[in-house]
Structure formats: structure tokens, C-alpha cells
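**Student:** Please find one structure pasted underneath; my questions will follow.
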Amino acid sequence: MGPPDSPSARPASPGSTKPMIDIVDLHKTFGSTKVLTGINLTVPAGSTCVILGGSGSGKTVLMKHMIGLLKPDTGKVIIDGEDIVPMSVQGLQQVRRSFGMVFQAAALFDSMTVFENVAFPLRQHTSLSEDAIREKVRKRLDLMSLKPEVENRFPADLSGGMRKRVGLARAVVLDPKVVLYDEPTTGLDPITTDSVDEMILTAQKELGVTSVVISHDIASAFNVADQIAFLSKGVIVENGPPEQLRESTQPAVQVFLQTWFGKN
Ligand SMILES: Nc1ncnc2c1ncn2[C@@H]1O[C@H](COP(=O)(O)OP(=O)(O)O)[C@@H](O)[C@H]1O
Ligand SMILES: [Mg+2]
């Protein structure tokens with residue numbers, strides 16, 4: 001089996017190619033472990049970048065730099081035109097409001113209903129009226145193809161796929177400019193994986209968000225990516241449209257692709 005059809009049938013990302021995220025020569029060491037040794041990565045506004053790489057290659061560390069959860073030893077992290085590296089905690093909090101995050105575990109609050117989970121960021125960060133909150137939550141649940149009936153259910157009563165969709169509805173409820181996904185399909189069955197891919201594409205298309213998706217699932221990467229960046233030994237060794245990855249002459253990429261297609 002070859003990779004799925006490349007997404008070239010999909011129109012190129014709308015709007016300009018203004019970078020939303022621009023990482024310049026980023027280095028990060030923990031103790032004596034050099035994790036990132038000169039990362040350069042640009043993600044145009046409104047596009048979806050998938051970061052691929054082996055386990056422990058530094059994907060999550062790289063993503064944490066994008067929201068200032070980690071500071072680099074050297075390098076720039078320019079978000080929407082502004083370097084966030086020198087920012088204070090308050091400045092970073094402001095920037096983080098324009099981000100939505102979806103983690104591997106949906107990380108929903110178990111004791112809250114679906115409605116309250118999605119309403120939570122609105123209650124935390126806005127002073128919207130109860131009516132306005134209700135309208136916004138319903139819109140986002142609807143966008144993620146969740147029927148109003150699920151509003152009063154608890155996360156434990158939902159399927160894995162539905163929990164993911166609630167997590168994504170919550171991640172986009174504040175109209176973020178950027179949504180970061182850390183392994184959103186890990187541990188999911190193929191059908192649920194497809195539905196998560198659909199949600200990522202919906203958020204891009206309907207809300208115009210810029211997305212960064214960490215994955216080690218090649219099929220999913222080819223489904224959603226405008227651009228795939230492959231991380232190996234501290235640097236990005238391949239970066240471009242999915243076709244470019246498929247044709248890569250980089251040994252690390254070839255081994256990764258062979259391993260994947262060997263077992264799938
Ligand atoms: N806070 C930390 N302190 C020390 N080492 C860390 C820390 N976070 C990550 N690392 C190390 O950085 C490397 C990359 O980790 P990570 O980004 O989580 O990999 P992955 O590509 O699987 O997401 C690993 O060797 C990990 O042990
Ligand atoms: Mg990780």
C-alpha cells in the first residue's frame with residue numbers, strides 16, 4: 001500500500017503566505033542531552049503543518065516552545081510577527097489565549113458535562129452572558145458534528161472519538177489563531193482516526209486556524225498536512241508538501257516510511 005492520495009486536490013491554504021509561526025535556529029538542551037540543535041520551521045497562516053519523527057526525537061519539546069512552555073537556549077519563536085522568547089509570563093499568557101491545544105488524552109474534566117467542558121474557557125477568559133455562552137458552545141459542538149443531546153452527558157459516557165471531538169470543540173471555542181495537536185490519533189482505531197482527521201480539516205476550513213499536528217501516523221499526516229516537517233537528531237531533515245516526504249532521500253525518513261508501510 002502506498003501513502004493515501006496527496007492532498008493536492010485540496011485547494012492551497014487560503015489567504016496569504018504570511019507566517020503564523022516562524023522558528024529560527026532554535027536550540028534546546030536538557031542537562032547534557034541536546035534535544036534540538038538548530039530548528040528552522042515556518043508555518044504559513046491558515047495552513048496545517050504535521051511534525052513527524054520517532055519517539056523521543058523532540059516533537060513535544062518543539063511544540064512546547066511554540067506556546068512558551070519552554071524557553072530555548074538560543075533561537076527565536078516568532079508568533080504572528082512577535083518573538084515570544086523574551087516575553088514575560090503576563091505577555092505569554094496573552095499570546096496563549098490565541099492558541100488552542102489538543103493532547104493525546106482528551107483531558108476533559110470528568111466531573112463536568114460536555115456543555116460545561118466546552119464552556120469552561122469562555123467562563124475563564126470572557127465575560128460573555130449565559131445566553132452568549134450557550135450559543136457559542138452550541139456552534140462549536142455543531143461544527144464538530146456533536147448533537148445537542150450530548151451536552152448534558154459526562155465524558156465517561158462518550159466514545160473515544162466523541163471525547164476527542166468535545167476536546168477539539170473546547171480547543172476552538174475562544175476562536176484561536178493556532179491549534180496545536182500532540183498525537184491526537186495515538187491509540188485510536190482507524191475509523192476514529194479518520195474522524196479526528198476530518199475534525200482537524202474542519203477547524204482549518206471553517207475557522208481558518210493554523211494547525212500544528214504532532215504525529216507518528218503517516219496515513220493521518222498525509223490526510224491533513226499542507227506541509228510535513230520530519231524531525232531527526234535535533235534538526236528538521238525534510239520539510240515540504242507530503243509528496244516531498246514520500247520522495248525523500250534522507251535515510252532517517254526512508255527508514256521511518258519503510259517501518260510504517262512494513263506494518264500497515
Ligand atoms: N523537561 C524535560 N527535562 C529533561 N528532559 C526532557 C524534558 N522534556 C523532554 N525531555 C527529553 O527530550 C527528548 C525529547 O522528548 P519529547 O519531545 O517528549 O519526544 P517526542 O518526540 O516523543 O515527543 C527526550 O529524550 C526526553 O527525555
Ligand atoms: Mg511527544
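Following the order of the C-alpha cells, chains are lettered A, B, ..., residues in each are numbered from 1, and ligands are numbered from 1.
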Please extract the residues of segment 50-215 of chain A with a backbone DSSP assignment of strand (DSSP E or B) and present them as a list in words.
**Tutor:**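 Of segment 50-215 of chain A, only Val50, Ile51, Leu52, Gly53, Thr74, Gly75, Lys76, Val77, Ile78, Ile79, Glu82, Asp83, Phe99, Gly100, Met101, Val102, Val178, Val179, Leu180, Tyr181, Asp182, Thr210, Ser211, Val212, Val213, Ile214 and Ser215 of chain A fall in strand (DSSP E or B).
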**Student:** Would you mind listing the residues within 9 Å of ligand 2, counting only C-alpha atoms and all ligand atoms, as a PyMOL selection string?
**Tutor:** chain A and resi 55-61+63+182-183+214-215
**Student:** Go ahead and save the residues from that selection, with N, CA and C atoms, as an mmCIF file, in the first residue's frame.
**Tutor:**
data_model
loop_
_atom_site.group_PDB
_atom_site.id
_atom_site.type_symbol
_atom_site.label_atom_id
_atom_site.label_comp_id
_atom_site.auth_asym_id
_atom_site.auth_seq_id
_atom_site.Cartn_x
_atom_site.Cartn_y
_atom_site.Cartn_z
ATOM 1 N N SER A 55 9.884 8.345 18.257
ATOM 2 C CA SER A 55 9.622 8.603 19.667
ATOM 3 C C SER A 55 10.896 9.149 20.315
ATOM 4 N N GLY A 56 10.761 10.228 21.085
ATOM 5 C CA GLY A 56 11.911 10.822 21.758
ATOM 6 C C GLY A 56 12.726 11.753 20.879
ATOM 7 N N SER A 57 12.248 12.033 19.659
ATOM 8 C CA SER A 57 13.030 12.894 18.761
ATOM 9 C C SER A 57 12.893 14.380 19.094
ATOM 10 N N GLY A 58 11.977 14.729 19.986
ATOM 11 C CA GLY A 58 11.871 16.126 20.410
ATOM 12 C C GLY A 58 10.647 16.860 19.885
ATOM 13 N N LYS A 59 9.653 16.123 19.412
ATOM 14 C CA LYS A 59 8.457 16.751 18.838
ATOM 15 C C LYS A 59 7.692 17.552 19.890
ATOM 16 N N THR A 60 7.470 16.930 21.036
ATOM 17 C CA THR A 60 6.708 17.621 22.084
ATOM 18 C C THR A 60 7.502 18.814 22.626
ATOM 19 N N VAL A 61 8.825 18.627 22.763
ATOM 20 C CA VAL A 61 9.674 19.741 23.219
ATOM 21 C C VAL A 61 9.557 20.919 22.243
ATOM 22 N N MET A 63 7.031 21.611 20.237
ATOM 23 C CA MET A 63 5.697 22.207 20.352
ATOM 24 C C MET A 63 5.589 23.078 21.606
ATOM 25 N N ASP A 182 -1.064 17.407 19.943
ATOM 26 C CA ASP A 182 0.033 16.490 20.249
ATOM 27 C C ASP A 182 -0.484 15.058 20.189
ATOM 28 N N GLU A 183 -0.147 14.368 19.122
ATOM 29 C CA GLU A 183 -0.545 12.967 18.899
ATOM 30 C C GLU A 183 -2.045 12.759 19.096
ATOM 31 N N ILE A 214 1.422 17.063 15.821
ATOM 32 C CA ILE A 214 2.474 16.070 16.033
ATOM 33 C C ILE A 214 1.865 14.705 15.810
ATOM 34 N N SER A 215 2.581 13.883 15.032
ATOM 35 C CA SER A 215 2.017 12.582 14.727
ATOM 36 C C SER A 215 3.133 11.576 14.530
#
**Student:** Using only C-alpha atoms, which residues sit within 7 Å of Thr42 of chain A once same-chain residues fewer than 4 positions away are excluded, as a PyMOL selection string?
**Tutor:** chain A and resi 19+21-23
**Student:** Using DSSP on the backbone coordinates, identify the residues of segment 90-264 of chain A assigned to helix (DSSP H, G or I); present them as a PyMOL selection string.
**Tutor:** chain A and resi 90-96+114-125+130-143+148-152+155-157+160-171+190-207+218-224+242-246+251-263
**Student:** Can you pull out every residue within 8 Å of segment 230-241 of chain A, counting only C-alpha atoms, but drop anything in the same chain fewer than 4 positions away, and send it as a PyMOL selection string?
**Tutor:** chain A and resi 34-41+51-54+57-59+225-226+245+248+250+252-253
